[in-house]
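Notes to accompany the following structure.
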Amino acid sequence: MTKFTLALLLLLAPGMSLAQSVEKKYSLELTDPNQPMSLEVEMRNGSVSVEGYSGKNVEITATITPLSQKELEADENIHRRHKQNIKQRYKSKDHGEPEKKTRSKTGLKSVRNATMNLEIEESDNEVEISSEFSTSRIDLVVKVPSTSALEVELYKGGDVIVSNLSGPIEIETWQGDIVARQISGPIVAETHSRTIEVEFASLSKENPSSLTTYSGDIDITLGNKLAAKVNVQNYQGEILSGLDEEFVTTESVKRNKKGNKQEIVVGGQVSAVVNGGGQELSLITYSGDVYVRKQ
């Protein structure tokens with residue numbers, strides 16, 4: 001087994017502008033280039049773009065931009081409240097330990113830690129890229145073999161954009177859009193209030209796909225020959241379809257084999273059987289609109 005680990009620490013020089021960006025590029029060789037790989041990305045602040053290509057290396061471009069004073073203060077306030085909540089929960093329990101004394105700060109000034117930490121690790125074709133709490137925004141552009149499996153978690157900053165991948169995909173964002181083009185999935189994508197836009201080249205026969213957003217829109221495009229069962233749960237928004245097939249209200253009957261309970265559920269979901277039916281694709285939004293298009 002081979003292992004590659006890269007830790008990048010960026011220190012701002014005294015004369016360096018807070019708005020000035022730094023670009024870093026890395027080419028990462030896999031342990032076994034002839035075997036499938038997986039990529040896991042976990043970022044606090046920035047954007048992530050992942051593109052599948054015919055090569056065998058992982059090509060990484062990281063653009064680091066120091067946060068503004070206003071952004072830093074907002075992050076520090078969130079971090080401070082988090083620490084206070086932890087401290088309060090700790091104090092609420094009787095641990096039998098003396099409370100930590102408050103030390104004087106008279107004559108001292110706070111030194112801003114203008115650093116950024118980016119870690120890239122490869123082990124047996126499993127690549128992990130992560131950046132914890134930092135004073136910089138990191139915009140990642142990554143090129144991976146097109147058959148790669150992908151998992152991305154992004155807290156804030158920008159969007160997640162994925163293209164030309166045929167492996168399984170999992171994406172979770174809090175404040176950014178999710179855009180996926182020419183993928184085969186399966187894909188499981190979730191965001192709170194932003195848009196999910198997916199263009200399917202095909203659908204995995206092994207596992208279903210699911211797109212979920214609480215108040216954002218969902219916009220999908222299906223290939224003309226793609227066979228699927230498209231299920232939509234949409235409570236307060238519109239459903240707009242360009243399919244030849246009609247959406248119909250579905251119903252289900254559930255029976256508890258261990259008891260006498262039976263449940264019949266009518267409504268709450270509409271479905272369309274596309275090109276004779278195939279793998280299930282679930283689109284779920286509470287108050288957003290759903291767009292279903294043909295390529």
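Convention: chains lettered A, B, ... in structure tokens order; per-chain residue numbering from 1; ligands numbered from 1 as shown.
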Per residue of range 166-266 of chain A within 9 Å of range 140-154 of chain A, which atom pair is closest and at what distance in Å (one decimal), using only C-alpha atoms, listed by chain and increasing number, as JSON lines?
{"residue": "A:Ser166", "atom": "CA", "partner": "A:Thr147", "partner_atom": "CA", "distance": 5.1}
{"residue": "A:Gly167", "atom": "CA", "partner": "A:Ala149", "partner_atom": "CA", "distance": 4.6}
{"residue": "A:Pro168", "atom": "CA", "partner": "A:Ala149", "partner_atom": "CA", "distance": 5.0}
{"residue": "A:Ile169", "atom": "CA", "partner": "A:Leu150", "partner_atom": "CA", "distance": 4.8}
{"residue": "A:Glu170", "atom": "CA", "partner": "A:Glu151", "partner_atom": "CA", "distance": 4.7}
{"residue": "A:Ile171", "atom": "CA", "partner": "A:Val152", "partner_atom": "CA", "distance": 4.8}
{"residue": "A:Glu172", "atom": "CA", "partner": "A:Glu153", "partner_atom": "CA", "distance": 4.9}
{"residue": "A:Thr173", "atom": "CA", "partner": "A:Leu154", "partner_atom": "CA", "distance": 4.9}
{"residue": "A:Trp174", "atom": "CA", "partner": "A:Leu154", "partner_atom": "CA", "distance": 6.8}
{"residue": "A:Gln175", "atom": "CA", "partner": "A:Leu154", "partner_atom": "CA", "distance": 8.2}
{"residue": "A:Gly176", "atom": "CA", "partner": "A:Leu154", "partner_atom": "CA", "distance": 7.9}
Residue contacts of range 189-198 of chain A (10 Å, only C-alpha atoms) excluding same-chain residues fewer than 4 positions away, as a ChimeraX atom specification:
/A:151-154,159-163,169-183,209-222,283-292
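Here CA of Glu126 in chain A and CA of Asn45 in chain A stand 22.7 Å from one another.
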Assign secondary structure with DSSP using the backbone only, and return the residues of range 203-256 of chain A in strand (DSSP E or B) as a PyMOL selection string.
chain A and resi 209-213+218-222+228-234+239-241+248-255
